[in-house]
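Colleague: Here you go, coords24.tsv (TSV, C-alpha atoms (C1' of nucleotides)):
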```
chain	number	residue	atom	x	y	z
S	1	MET	CA	-41.05	-29.61	70.81
S	2	ILE	CA	-37.74	-29.09	69.03
S	3	GLN	CA	-38.10	-27.38	65.70
S	4	ARG	CA	-37.07	-29.21	62.58
S	5	ASN	CA	-36.24	-27.58	59.32
S	6	THR	CA	-38.42	-28.80	56.54
S	7	ARG	CA	-38.76	-27.91	52.92
S	8	GLN	CA	-42.39	-26.96	53.56
S	9	ARG	CA	-41.48	-24.47	56.24
S	10	ASP	CA	-38.77	-22.89	54.11
S	11	LEU	CA	-41.07	-22.56	51.12
S	12	ILE	CA	-43.79	-20.90	53.17
S	13	ARG	CA	-41.40	-18.38	54.66
S	14	GLU	CA	-39.85	-17.74	51.29
S	15	ALA	CA	-43.24	-17.07	49.69
S	16	ILE	CA	-44.05	-14.48	52.32
S	17	ALA	CA	-40.62	-12.87	52.34
S	18	ARG	CA	-40.63	-12.45	48.59
S	19	ALA	CA	-44.21	-11.34	48.11
S	20	GLY	CA	-43.82	-7.66	48.95
S	21	ARG	CA	-47.43	-7.59	50.12
S	22	PRO	CA	-49.50	-9.46	52.72
S	23	LEU	CA	-50.66	-12.86	51.52
S	24	SER	CA	-53.65	-15.00	52.40
S	25	PRO	CA	-53.22	-18.65	53.42
S	26	ARG	CA	-54.58	-19.57	50.02
S	27	GLU	CA	-52.06	-17.37	48.24
S	28	ILE	CA	-49.25	-18.75	50.35
S	29	HIS	CA	-50.38	-22.26	49.59
S	30	ALA	CA	-50.55	-21.61	45.86
S	31	GLN	CA	-47.15	-19.96	45.81
S	32	SER	CA	-45.34	-22.52	47.98
S	33	ARG	CA	-46.84	-25.34	46.01
S	34	ARG	CA	-44.85	-24.34	42.99
S	35	GLY	CA	-41.78	-25.61	44.75
S	36	LEU	CA	-43.50	-28.67	46.23
S	37	PRO	CA	-46.73	-29.66	44.50
S	38	GLY	CA	-47.81	-32.04	47.24
S	39	LEU	CA	-47.88	-29.35	49.90
S	40	GLY	CA	-51.11	-29.50	51.89
S	41	ILE	CA	-53.16	-26.55	53.05
S	42	ALA	CA	-53.13	-27.83	56.65
S	43	THR	CA	-49.36	-27.52	56.68
S	44	VAL	CA	-49.67	-23.91	55.57
S	45	TYR	CA	-52.08	-23.13	58.40
S	46	ARG	CA	-49.88	-24.92	60.92
S	47	HIS	CA	-46.84	-22.93	59.95
S	48	LEU	CA	-48.72	-19.66	59.81
S	49	ARG	CA	-49.89	-20.18	63.35
S	50	ARG	CA	-46.42	-21.09	64.47
S	51	LEU	CA	-44.71	-18.22	62.70
S	52	VAL	CA	-47.15	-15.80	64.30
S	53	GLU	CA	-46.43	-17.34	67.71
S	54	GLU	CA	-42.71	-17.03	67.08
S	55	GLY	CA	-43.20	-13.39	66.19
S	56	TRP	CA	-41.91	-13.77	62.66
S	57	LEU	CA	-45.31	-13.02	61.10
S	58	VAL	CA	-48.21	-10.72	61.86
S	59	PRO	CA	-51.77	-11.21	60.69
S	60	VAL	CA	-53.51	-8.44	58.79
S	61	GLU	CA	-57.18	-8.75	59.60
S	62	LEU	CA	-59.76	-7.66	57.06
S	63	PRO	CA	-63.53	-7.41	57.09
S	64	GLY	CA	-65.34	-10.37	55.65
S	65	GLU	CA	-62.35	-12.29	54.35
S	66	ALA	CA	-59.38	-14.36	55.38
S	67	ALA	CA	-56.54	-12.64	57.20
S	68	ARG	CA	-53.39	-11.87	55.29
S	69	TYR	CA	-49.91	-12.37	56.72
S	70	GLU	CA	-46.86	-10.16	56.50
S	71	ARG	CA	-43.38	-10.04	58.03
S	72	SER	CA	-43.28	-8.52	61.47
S	73	GLY	CA	-41.04	-5.66	62.46
S	74	LYS	CA	-42.17	-3.19	59.83
S	75	ALA	CA	-42.80	0.45	60.60
S	76	HIS	CA	-46.38	1.47	61.37
S	77	HIS	CA	-48.34	1.34	58.14
S	78	HIS	CA	-51.69	0.44	56.62
S	79	HIS	CA	-53.16	-1.38	53.68
S	80	PHE	CA	-54.91	-1.02	50.38
S	81	ARG	CA	-57.36	-3.56	49.01
S	82	CYS	CA	-57.99	-3.76	45.28
S	83	ARG	CA	-61.66	-4.34	44.57
S	84	ARG	CA	-60.91	-6.02	41.29
S	85	CYS	CA	-58.09	-8.47	41.97
S	86	ARG	CA	-58.71	-8.53	45.73
S	87	ARG	CA	-55.03	-8.36	46.52
S	88	ILE	CA	-53.84	-6.42	49.55
S	89	PHE	CA	-51.01	-3.92	49.23
S	90	GLU	CA	-48.89	-2.31	51.85
S	91	LEU	CA	-49.02	1.47	52.15
S	92	GLU	CA	-46.28	3.64	53.52
S	93	GLY	CA	-46.79	5.47	56.78
S	94	CYS	CA	-50.02	6.54	58.40
S	95	ALA	CA	-52.32	9.28	57.17
S	96	LEU	CA	-54.33	9.52	60.35
S	97	LYS	CA	-54.51	12.77	62.26
S	98	THR	CA	-53.81	11.93	65.85
S	99	ARG	CA	-55.82	14.54	67.70
S	100	ARG	CA	-59.29	14.13	69.11
S	101	LEU	CA	-59.94	10.78	67.48
S	102	ALA	CA	-62.47	9.54	69.99
S	103	PRO	CA	-64.86	11.15	72.47
S	104	PRO	CA	-63.69	12.04	75.97
S	105	GLY	CA	-63.32	9.04	78.24
S	106	PHE	CA	-62.48	6.70	75.39
S	107	VAL	CA	-58.98	5.25	75.37
S	108	VAL	CA	-57.56	4.74	71.90
S	109	GLU	CA	-54.97	1.98	71.93
S	110	ASP	CA	-54.67	1.17	68.28
S	111	HIS	CA	-56.20	1.79	64.90
S	112	GLU	CA	-56.60	0.31	61.46
S	113	VAL	CA	-56.92	2.09	58.14
S	114	VAL	CA	-57.90	0.30	54.95
S	115	LEU	CA	-58.17	1.99	51.59
S	116	TYR	CA	-60.33	0.47	48.88
S	117	GLY	CA	-60.08	0.99	45.16
S	118	LEU	CA	-58.11	-0.24	42.18
S	119	CYS	CA	-54.47	-1.19	42.25
S	120	GLU	CA	-52.12	0.14	39.64
S	121	ARG	CA	-52.49	-2.90	37.42
S	122	CYS	CA	-56.26	-3.07	37.61
S	123	ALA	CA	-56.64	0.69	37.13
S	124	ARG	CA	-54.88	0.67	33.76
S	125	PRO	CA	-57.10	1.67	30.84
S	126	ALA	CA	-58.89	-1.27	29.29
S	127	ARG	CA	-57.16	-0.87	25.92
S	128	SER	CA	-53.90	-2.06	27.39
S	129	THR	CA	-55.48	-5.44	28.01
S	130	GLN	CA	-57.79	-5.57	24.99
S	131	ARG	CA	-57.60	-8.61	22.81
S	132	HIS	CA	-57.27	-6.62	19.60
S	133	PRO	CA	-55.33	-3.47	20.39
S	134	GLY	CA	-55.36	-0.79	17.65
U	1	MET	CA	-94.16	-8.49	46.94
U	2	ILE	CA	-96.22	-5.97	48.85
U	3	GLN	CA	-94.80	-5.06	52.21
U	4	ARG	CA	-96.77	-5.84	55.31
U	5	ASN	CA	-96.28	-4.15	58.61
U	6	THR	CA	-95.44	-6.56	61.35
U	7	ARG	CA	-94.57	-6.21	64.97
U	8	GLN	CA	-91.27	-7.93	64.28
U	9	ARG	CA	-90.27	-5.42	61.63
U	10	ASP	CA	-91.18	-2.49	63.83
U	11	LEU	CA	-89.26	-3.82	66.77
U	12	ILE	CA	-86.14	-4.41	64.69
U	13	ARG	CA	-86.20	-0.91	63.26
U	14	GLU	CA	-86.89	0.54	66.65
U	15	ALA	CA	-83.93	-1.29	68.19
U	16	ILE	CA	-81.59	0.13	65.57
U	17	ALA	CA	-83.04	3.62	65.62
U	18	ARG	CA	-82.73	3.87	69.37
U	19	ALA	CA	-79.33	2.27	69.82
U	20	GLY	CA	-77.16	5.24	68.96
U	21	ARG	CA	-74.45	2.88	67.77
U	22	PRO	CA	-74.20	0.12	65.15
U	23	LEU	CA	-75.64	-3.18	66.31
U	24	SER	CA	-74.89	-6.76	65.38
U	25	PRO	CA	-77.68	-9.15	64.34
U	26	ARG	CA	-77.31	-10.81	67.71
U	27	GLU	CA	-77.64	-7.51	69.55
U	28	ILE	CA	-80.65	-6.57	67.47
U	29	HIS	CA	-82.21	-9.94	68.18
U	30	ALA	CA	-81.62	-9.63	71.90
U	31	GLN	CA	-83.01	-6.11	72.02
U	32	SER	CA	-86.09	-6.74	69.86
U	33	ARG	CA	-86.87	-9.87	71.79
U	34	ARG	CA	-87.64	-7.82	74.85
U	35	GLY	CA	-90.78	-6.65	73.11
U	36	LEU	CA	-91.58	-10.04	71.59
U	37	PRO	CA	-89.88	-12.99	73.27
U	38	GLY	CA	-90.71	-15.44	70.50
U	39	LEU	CA	-88.84	-13.47	67.84
U	40	GLY	CA	-86.58	-15.73	65.80
U	41	ILE	CA	-83.08	-14.94	64.63
U	42	ALA	CA	-83.98	-15.81	61.03
U	43	THR	CA	-86.53	-13.02	61.06
U	44	VAL	CA	-83.86	-10.60	62.19
U	45	TYR	CA	-81.56	-11.61	59.33
U	46	ARG	CA	-84.41	-11.39	56.83
U	47	HIS	CA	-85.31	-7.88	57.85
U	48	LEU	CA	-81.71	-6.74	57.98
U	49	ARG	CA	-81.24	-7.87	54.41
U	50	ARG	CA	-84.41	-6.18	53.36
U	51	LEU	CA	-83.69	-2.94	55.18
U	52	VAL	CA	-80.27	-2.79	53.55
U	53	GLU	CA	-81.87	-3.37	50.13
U	54	GLU	CA	-84.36	-0.63	50.84
U	55	GLY	CA	-81.54	1.70	51.73
U	56	TRP	CA	-82.72	2.23	55.29
U	57	LEU	CA	-79.72	0.46	56.78
U	58	VAL	CA	-76.03	0.19	56.00
U	59	PRO	CA	-73.74	-2.61	57.12
U	60	VAL	CA	-70.57	-1.78	59.04
U	61	GLU	CA	-68.08	-4.48	58.18
U	62	LEU	CA	-65.44	-5.44	60.72
U	63	PRO	CA	-62.50	-7.82	60.68
U	64	GLY	CA	-63.19	-11.24	62.08
U	65	GLU	CA	-66.69	-10.66	63.35
U	66	ALA	CA	-70.28	-10.16	62.33
U	67	ALA	CA	-71.18	-6.94	60.56
U	68	ARG	CA	-72.99	-4.27	62.52
U	69	TYR	CA	-75.88	-2.24	61.14
U	70	GLU	CA	-76.62	1.44	61.38
U	71	ARG	CA	-79.10	3.91	59.91
U	72	SER	CA	-78.18	5.14	56.45
U	73	GLY	CA	-77.87	8.79	55.51
U	74	LYS	CA	-75.36	9.78	58.13
U	75	ALA	CA	-72.42	12.03	57.36
U	76	HIS	CA	-69.10	10.36	56.56
U	77	HIS	CA	-67.73	8.90	59.77
U	78	HIS	CA	-65.88	5.95	61.26
U	79	HIS	CA	-66.04	3.60	64.21
U	80	PHE	CA	-64.52	2.63	67.49
U	81	ARG	CA	-64.42	-0.88	68.84
U	82	CYS	CA	-64.10	-1.51	72.55
U	83	ARG	CA	-61.80	-4.43	73.23
U	84	ARG	CA	-63.46	-5.19	76.50
U	85	CYS	CA	-67.21	-5.07	75.82
U	86	ARG	CA	-66.80	-5.50	72.07
U	87	ARG	CA	-69.38	-2.85	71.31
U	88	ILE	CA	-68.96	-0.62	68.29
U	89	PHE	CA	-69.33	3.14	68.63
U	90	GLU	CA	-69.82	5.80	66.05
U	91	LEU	CA	-67.16	8.48	65.77
U	92	GLU	CA	-67.71	11.96	64.42
U	93	GLY	CA	-66.09	12.98	61.17
U	94	CYS	CA	-62.99	11.59	59.52
U	95	ALA	CA	-59.45	12.05	60.75
U	96	LEU	CA	-57.80	10.89	57.57
U	97	LYS	CA	-55.48	13.17	55.67
U	98	THR	CA	-56.57	13.03	52.08
U	99	ARG	CA	-53.32	13.61	50.23
U	100	ARG	CA	-51.00	10.99	48.83
U	101	LEU	CA	-52.79	8.08	50.44
U	102	ALA	CA	-51.74	5.47	47.93
U	103	PRO	CA	-48.87	5.03	45.47
U	104	PRO	CA	-49.11	6.51	41.96
U	105	GLY	CA	-51.40	4.57	39.67
U	106	PHE	CA	-53.61	3.38	42.50
U	107	VAL	CA	-57.18	4.69	42.51
U	108	VAL	CA	-58.59	5.25	45.97
U	109	GLU	CA	-62.37	4.98	45.93
U	110	ASP	CA	-63.15	4.56	49.57
U	111	HIS	CA	-61.64	3.96	52.98
U	112	GLU	CA	-62.34	2.58	56.39
U	113	VAL	CA	-60.91	3.64	59.73
U	114	VAL	CA	-61.41	1.64	62.90
U	115	LEU	CA	-60.07	2.67	66.28
U	116	TYR	CA	-59.51	0.08	68.98
U	117	GLY	CA	-59.34	0.58	72.70
U	118	LEU	CA	-61.62	0.99	75.67
U	119	CYS	CA	-64.95	2.74	75.61
U	120	GLU	CA	-65.79	5.29	78.24
U	121	ARG	CA	-67.57	2.77	80.44
U	122	CYS	CA	-64.90	0.08	80.24
U	123	ALA	CA	-62.08	2.61	80.74
U	124	ARG	CA	-63.41	3.73	84.10
U	125	PRO	CA	-61.15	2.89	87.05
U	126	ALA	CA	-61.88	-0.52	88.51
U	127	ARG	CA	-63.03	0.90	91.85
U	128	SER	CA	-66.17	2.31	90.27
U	129	THR	CA	-67.28	-1.21	89.46
U	130	GLN	CA	-65.91	-2.98	92.52
U	131	ARG	CA	-68.26	-5.11	94.48
U	132	HIS	CA	-67.43	-3.45	97.78
U	133	PRO	CA	-66.73	0.20	97.05
U	134	GLY	CA	-65.23	2.16	99.93
N	1	DG	C1'	-28.01	-46.81	58.72
N	2	DT	C1'	-31.01	-46.90	62.87
N	3	DG	C1'	-34.22	-45.21	66.00
N	4	DT	C1'	-36.86	-41.62	67.92
N	5	DT	C1'	-39.84	-38.09	67.40
N	6	DA	C1'	-41.49	-34.06	64.79
N	7	DT	C1'	-43.81	-33.17	60.63
N	8	DT	C1'	-46.76	-34.04	56.86
N	9	DG	C1'	-51.02	-34.62	53.83
N	10	DA	C1'	-55.75	-36.04	53.48
N	11	DT	C1'	-59.80	-35.51	55.28
N	12	DA	C1'	-63.29	-35.11	58.73
N	13	DA	C1'	-64.89	-31.96	61.72
N	14	DC	C1'	-65.49	-27.53	63.58
N	15	DC	C1'	-66.97	-22.68	64.03
N	16	DG	C1'	-69.64	-18.57	63.48
N	17	DT	C1'	-72.43	-16.48	60.34
N	18	DC	C1'	-75.99	-16.51	57.41
N	19	DT	C1'	-79.72	-18.64	54.20
N	20	DA	C1'	-83.22	-22.08	52.52
N	21	DT	C1'	-87.12	-24.74	53.64
N	22	DC	C1'	-91.69	-25.34	55.08
N	23	DA	C1'	-95.73	-25.73	57.82
N	24	DA	C1'	-98.16	-22.58	60.85
N	25	DA	C1'	-99.55	-17.95	61.89
N	26	DA	C1'	-100.77	-13.31	60.80
N	27	DA	C1'	-101.73	-9.07	57.79
N	28	DG	C1'	-104.84	-6.67	55.37
N	29	DG	C1'	-108.26	-6.14	51.39
N	30	DC	C1'	-112.85	-7.41	50.86
V	1	DG	C1'	-115.32	-12.85	59.39
V	2	DC	C1'	-113.13	-14.76	55.14
V	3	DC	C1'	-109.64	-15.45	51.93
V	4	DT	C1'	-105.25	-14.82	49.82
V	5	DT	C1'	-100.64	-13.93	50.30
V	6	DT	C1'	-96.91	-12.55	53.15
V	7	DT	C1'	-94.47	-13.33	57.17
V	8	DT	C1'	-92.87	-16.06	60.86
V	9	DG	C1'	-90.08	-19.41	63.79
V	10	DA	C1'	-87.56	-23.63	64.00
V	11	DT	C1'	-84.27	-25.99	62.10
V	12	DA	C1'	-81.37	-28.05	58.68
V	13	DG	C1'	-77.97	-26.79	55.77
V	14	DA	C1'	-74.68	-23.84	53.22
V	15	DC	C1'	-70.54	-21.41	53.37
V	16	DG	C1'	-65.59	-20.04	53.97
V	17	DG	C1'	-62.10	-20.37	56.93
V	18	DT	C1'	-59.65	-22.95	60.12
V	19	DT	C1'	-58.33	-26.93	63.26
V	20	DA	C1'	-58.14	-31.90	64.87
V	21	DT	C1'	-57.07	-36.59	63.80
V	22	DC	C1'	-54.05	-40.11	62.47
V	23	DA	C1'	-51.28	-43.15	59.80
V	24	DA	C1'	-47.35	-42.42	56.82
V	25	DT	C1'	-43.18	-39.89	56.10
V	26	DA	C1'	-39.05	-37.39	57.04
V	27	DA	C1'	-35.53	-34.96	60.03
V	28	DC	C1'	-31.60	-35.47	62.56
V	29	DA	C1'	-28.77	-37.13	66.57
V	30	DC	C1'	-26.22	-41.05	67.24
```
Translate the structure of the given file into structure tokens.
Modeller:
Amino acid sequence: MIQRNTRQRDLIREAIARAGRPLSPREIHAQSRRGLPGLGIATVYRHLRRLVEEGWLVPVELPGEAARYERSGKAHHHHFRCRRCRRIFELEGCALKTRRLAPPGFVVEDHEVVLYGLCERCARPARSTQRHPG
Amino acid sequence: MIQRNTRQRDLIREAIARAGRPLSPREIHAQSRRGLPGLGIATVYRHLRRLVEEGWLVPVELPGEAARYERSGKAHHHHFRCRRCRRIFELEGCALKTRRLAPPGFVVEDHEVVLYGLCERCARPARSTQRHPG
DNA sequence: GTGTTATTGATAACCGTCTATCAAAAAGGC
DNA sequence: GCCTTTTTGATAGACGGTTATCAATAACAC
């Protein structure tokens, strides 16, 4: 059960640490593969599970799609999902009013806020990505 | 393409209309079955799809589990998920502050808020559900 | 380097949800 | 009731995400 350091493990952690936003297993696989083309998807899932168990990672669950993973230990925050590129972005802080959230008798332990829309890149006017700009 | 009225369709709509909270396909199946034991799950899915297309229903998407369905036309609101009984409850209104939700350049089109905790019934002190109450 | 044992990659299998298929049953106009 | 067309129920299968299996490979203590 002793942990060994492997190139695969390092690459996976590096991909997440450098991303600046929560990544899906697929994204992590694609990114880590750049440094080791033979990297298998099963290895990515194995390490994700382990890193979550170790407390180094936290999953960001989303409706109808694969969970994303981000570094643990961050301040309370929420996420933004771009409808065009489907990437998840981290938002700062929490915009939820804390009073009278649920009916009497209900115990609120936690909450999740997800914003949907277009990220900065995808929201740029079309002309900036046109093939034949004026 | 003409719509026929069937007992199955009526039962499914009735289950949703009477529930007072969003139901999963499984919950709808279980409930409707009381009035028609032979009702198949495929029929439930077929009608859910159709009722969504017709605009009578809206899906409530949730991370890592089947969507729930509720009547359309309700005022903007969010949901509560009980961690114990796993039922989803409707909350009144929206507790989200609307200013500066996302970084500059991001376009926020929509949002989702989910509270997690214990519903009124599951939050009750254990003694109220003990087998041998004093 | 050697040996032990963890780790890896490929792939089959799994899981829950949902959809397609199709013969049998039922709705509804006549 | 009769006929046409929709709907139904059972089940196989699709689907995306994830995990198990297992022989080959690699880490690392010596």
Colleague: What are the coordinates of chain S as a CSV table (one decimal) with C-alpha atoms, in the frame of the given file following a least-squares fit to chain U on all in-order C-alpha atoms?
Modeller:
```csv
chain,number,residue,atom,x,y,z
S,1,MET,CA,-94.1,-8.8,46.9
S,2,ILE,CA,-96.2,-6.2,48.7
S,3,GLN,CA,-94.7,-5.2,52.0
S,4,ARG,CA,-96.7,-5.9,55.1
S,5,ASN,CA,-96.3,-4.1,58.4
S,6,THR,CA,-95.5,-6.5,61.2
S,7,ARG,CA,-94.6,-6.2,64.8
S,8,GLN,CA,-91.3,-7.9,64.2
S,9,ARG,CA,-90.3,-5.4,61.5
S,10,ASP,CA,-91.2,-2.5,63.7
S,11,LEU,CA,-89.3,-3.8,66.6
S,12,ILE,CA,-86.2,-4.4,64.6
S,13,ARG,CA,-86.2,-0.9,63.1
S,14,GLU,CA,-86.9,0.6,66.5
S,15,ALA,CA,-84.0,-1.3,68.1
S,16,ILE,CA,-81.6,0.1,65.5
S,17,ALA,CA,-83.1,3.6,65.5
S,18,ARG,CA,-82.8,3.9,69.3
S,19,ALA,CA,-79.4,2.3,69.7
S,20,GLY,CA,-77.2,5.3,68.9
S,21,ARG,CA,-74.5,2.9,67.7
S,22,PRO,CA,-74.2,0.1,65.1
S,23,LEU,CA,-75.7,-3.2,66.3
S,24,SER,CA,-74.9,-6.8,65.4
S,25,PRO,CA,-77.7,-9.1,64.3
S,26,ARG,CA,-77.4,-10.8,67.7
S,27,GLU,CA,-77.7,-7.5,69.5
S,28,ILE,CA,-80.7,-6.6,67.4
S,29,HIS,CA,-82.3,-9.9,68.1
S,30,ALA,CA,-81.7,-9.6,71.9
S,31,GLN,CA,-83.1,-6.1,72.0
S,32,SER,CA,-86.2,-6.7,69.8
S,33,ARG,CA,-87.0,-9.8,71.7
S,34,ARG,CA,-87.8,-7.8,74.7
S,35,GLY,CA,-90.9,-6.6,73.0
S,36,LEU,CA,-91.7,-10.0,71.5
S,37,PRO,CA,-90.0,-12.9,73.2
S,38,GLY,CA,-90.8,-15.4,70.4
S,39,LEU,CA,-88.9,-13.4,67.8
S,40,GLY,CA,-86.6,-15.7,65.8
S,41,ILE,CA,-83.1,-14.9,64.6
S,42,ALA,CA,-84.0,-15.8,61.0
S,43,THR,CA,-86.6,-13.0,61.0
S,44,VAL,CA,-83.9,-10.6,62.1
S,45,TYR,CA,-81.6,-11.6,59.3
S,46,ARG,CA,-84.4,-11.4,56.8
S,47,HIS,CA,-85.3,-7.9,57.8
S,48,LEU,CA,-81.7,-6.8,57.9
S,49,ARG,CA,-81.2,-7.9,54.4
S,50,ARG,CA,-84.4,-6.2,53.3
S,51,LEU,CA,-83.7,-3.0,55.1
S,52,VAL,CA,-80.2,-2.8,53.5
S,53,GLU,CA,-81.8,-3.4,50.1
S,54,GLU,CA,-84.3,-0.7,50.7
S,55,GLY,CA,-81.5,1.6,51.6
S,56,TRP,CA,-82.7,2.2,55.2
S,57,LEU,CA,-79.7,0.4,56.7
S,58,VAL,CA,-76.0,0.2,56.0
S,59,PRO,CA,-73.7,-2.6,57.1
S,60,VAL,CA,-70.6,-1.8,59.0
S,61,GLU,CA,-68.1,-4.5,58.2
S,62,LEU,CA,-65.5,-5.5,60.7
S,63,PRO,CA,-62.5,-7.8,60.7
S,64,GLY,CA,-63.2,-11.3,62.1
S,65,GLU,CA,-66.7,-10.7,63.4
S,66,ALA,CA,-70.3,-10.2,62.4
S,67,ALA,CA,-71.2,-6.9,60.6
S,68,ARG,CA,-73.0,-4.3,62.5
S,69,TYR,CA,-75.9,-2.3,61.1
S,70,GLU,CA,-76.6,1.4,61.3
S,71,ARG,CA,-79.1,3.9,59.8
S,72,SER,CA,-78.2,5.1,56.4
S,73,GLY,CA,-77.9,8.7,55.5
S,74,LYS,CA,-75.4,9.8,58.1
S,75,ALA,CA,-72.4,12.0,57.4
S,76,HIS,CA,-69.1,10.4,56.6
S,77,HIS,CA,-67.8,8.9,59.8
S,78,HIS,CA,-65.9,6.0,61.3
S,79,HIS,CA,-66.1,3.6,64.2
S,80,PHE,CA,-64.5,2.6,67.5
S,81,ARG,CA,-64.5,-0.9,68.8
S,82,CYS,CA,-64.1,-1.5,72.6
S,83,ARG,CA,-61.8,-4.4,73.3
S,84,ARG,CA,-63.5,-5.2,76.5
S,85,CYS,CA,-67.3,-5.1,75.8
S,86,ARG,CA,-66.9,-5.5,72.1
S,87,ARG,CA,-69.4,-2.9,71.3
S,88,ILE,CA,-69.0,-0.6,68.3
S,89,PHE,CA,-69.4,3.1,68.7
S,90,GLU,CA,-69.8,5.8,66.1
S,91,LEU,CA,-67.2,8.5,65.8
S,92,GLU,CA,-67.7,11.9,64.5
S,93,GLY,CA,-66.1,13.0,61.2
S,94,CYS,CA,-63.0,11.6,59.6
S,95,ALA,CA,-59.4,12.0,60.8
S,96,LEU,CA,-57.8,10.9,57.6
S,97,LYS,CA,-55.5,13.2,55.8
S,98,THR,CA,-56.5,13.1,52.2
S,99,ARG,CA,-53.3,13.6,50.3
S,100,ARG,CA,-51.0,11.0,48.9
S,101,LEU,CA,-52.8,8.1,50.5
S,102,ALA,CA,-51.8,5.5,48.0
S,103,PRO,CA,-48.9,5.1,45.5
S,104,PRO,CA,-49.2,6.5,42.0
S,105,GLY,CA,-51.5,4.6,39.7
S,106,PHE,CA,-53.7,3.4,42.5
S,107,VAL,CA,-57.2,4.7,42.6
S,108,VAL,CA,-58.6,5.3,46.0
S,109,GLU,CA,-62.4,5.0,46.0
S,110,ASP,CA,-63.2,4.6,49.6
S,111,HIS,CA,-61.7,4.0,53.0
S,112,GLU,CA,-62.4,2.6,56.4
S,113,VAL,CA,-60.9,3.6,59.8
S,114,VAL,CA,-61.4,1.6,62.9
S,115,LEU,CA,-60.1,2.6,66.3
S,116,TYR,CA,-59.6,0.0,69.0
S,117,GLY,CA,-59.4,0.6,72.7
S,118,LEU,CA,-61.7,1.0,75.7
S,119,CYS,CA,-65.0,2.7,75.6
S,120,GLU,CA,-65.8,5.3,78.3
S,121,ARG,CA,-67.6,2.8,80.5
S,122,CYS,CA,-65.0,0.1,80.3
S,123,ALA,CA,-62.1,2.6,80.8
S,124,ARG,CA,-63.5,3.7,84.1
S,125,PRO,CA,-61.2,2.9,87.1
S,126,ALA,CA,-61.8,-0.5,88.6
S,127,ARG,CA,-62.8,1.0,92.0
S,128,SER,CA,-66.0,2.3,90.5
S,129,THR,CA,-67.2,-1.2,89.8
S,130,GLN,CA,-65.6,-2.9,92.8
S,131,ARG,CA,-67.8,-5.0,95.0
S,132,HIS,CA,-66.7,-3.4,98.2
S,133,PRO,CA,-66.0,0.3,97.5
S,134,GLY,CA,-64.1,2.2,100.2
```
Colleague: Taking all atoms listed in the file into account, report as a list in words which residues of chain S lie within 8 Å of chain V.
Modeller: Arg4, Asn5, Thr6, Tyr45 and Ala66 of chain S
Colleague: Quote the spacing between atom CA of Tyr116 of chain U and atom CA of Leu91 of chain U in Å to one decimal place.
Modeller: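 These two atoms are separated by 11.8 Å.
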Colleague: Could you tell me how far atom CA of Leu57 of chain U lies from atom CA of Arg71 of chain U, in Å and to one decimal?
Modeller: 4.7 Å
Colleague: Distance atom CA of Arg83 of chain S-atom CA of Leu101 of chain U, one decimal place?
Modeller: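 These atoms are spaced 16.4 Å apart.
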Colleague: Find the residues in chain U near chain N: any atom within 12 Å counts, using all atoms listed in the file. Write them as a list in words.
Modeller: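 Those within range of chain N come out as Ile2, Gln3, Arg4, Asn5, Thr6, Arg7, Gln8, Ser24, Pro25, Arg26, Ile41, Ala42, Thr43, Val44, Tyr45, Arg46, Leu48, Arg49, Gly64, Glu65, Ala66 and Ala67 of chain U.
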Colleague: Residues of chain S within 12 Å of chain U, counting all atoms listed in the file - could you list those as an NGL selection string?
Modeller: :S and (59-68 or 77-84 or 89-125)
Colleague: At a cut-off of 9 Å, using all atoms listed in the file, what residues contact Leu36 of chain S? Leave out same-chain residues fewer than 2 positions from it and give the result as a VMD selection string.
Modeller: chain S and resid 7 to 8 11 32 to 34 38 to 39
Colleague: Store the residues picked out above, limited to C-alpha atoms, as a PDB file, in the frame of the given file.
Modeller:
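The resulting file, result.pdb, is reproduced below:
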```
ATOM      1  CA  ARG S   7     -38.760 -27.910  52.920  1.00  0.00           C
ATOM      2  CA  GLN S   8     -42.390 -26.960  53.560  1.00  0.00           C
ATOM      3  CA  LEU S  11     -41.070 -22.560  51.120  1.00  0.00           C
ATOM      4  CA  SER S  32     -45.340 -22.520  47.980  1.00  0.00           C
ATOM      5  CA  ARG S  33     -46.840 -25.340  46.010  1.00  0.00           C
ATOM      6  CA  ARG S  34     -44.850 -24.340  42.990  1.00  0.00           C
ATOM      7  CA  GLY S  38     -47.810 -32.040  47.240  1.00  0.00           C
ATOM      8  CA  LEU S  39     -47.880 -29.350  49.900  1.00  0.00           C
TER       9      LEU S  39
END
```
Colleague: Is there a way to get, as a compact mmCIF listing (two decimals) with C-alpha atoms, in the frame of the given file, all residues within 10 Å of the point (-78.5, 0.9, 60.0) in file coordinates, counting all atoms listed in the file?
Modeller:
```txt
# COMPACT_ATOMS: atom_id res chain seq x y z
CA ARG U 13 -86.20 -0.91 63.26
CA ILE U 16 -81.59 0.13 65.57
CA ALA U 17 -83.04 3.62 65.62
CA ALA U 19 -79.33 2.27 69.82
CA ARG U 21 -74.45 2.88 67.77
CA PRO U 22 -74.20 0.12 65.15
CA LEU U 23 -75.64 -3.18 66.31
CA LEU U 48 -81.71 -6.74 57.98
CA LEU U 51 -83.69 -2.94 55.18
CA VAL U 52 -80.27 -2.79 53.55
CA GLY U 55 -81.54 1.70 51.73
CA TRP U 56 -82.72 2.23 55.29
CA LEU U 57 -79.72 0.46 56.78
CA VAL U 58 -76.03 0.19 56.00
CA PRO U 59 -73.74 -2.61 57.12
CA VAL U 60 -70.57 -1.78 59.04
CA ARG U 68 -72.99 -4.27 62.52
CA TYR U 69 -75.88 -2.24 61.14
CA GLU U 70 -76.62 1.44 61.38
CA ARG U 71 -79.10 3.91 59.91
CA SER U 72 -78.18 5.14 56.45
CA GLY U 73 -77.87 8.79 55.51
CA LYS U 74 -75.36 9.78 58.13
```
Colleague: Listed atoms of segment 5-16 of chain N, axis-aligned box, 8 Å per side: centre and edge lengths to one decimal in Å, as JSON?
Modeller:
```
{"center_x": -54.7, "center_y": -28.3, "center_z": 60.4, "size_x": 45.8, "size_y": 35.5, "size_z": 29.9}
```
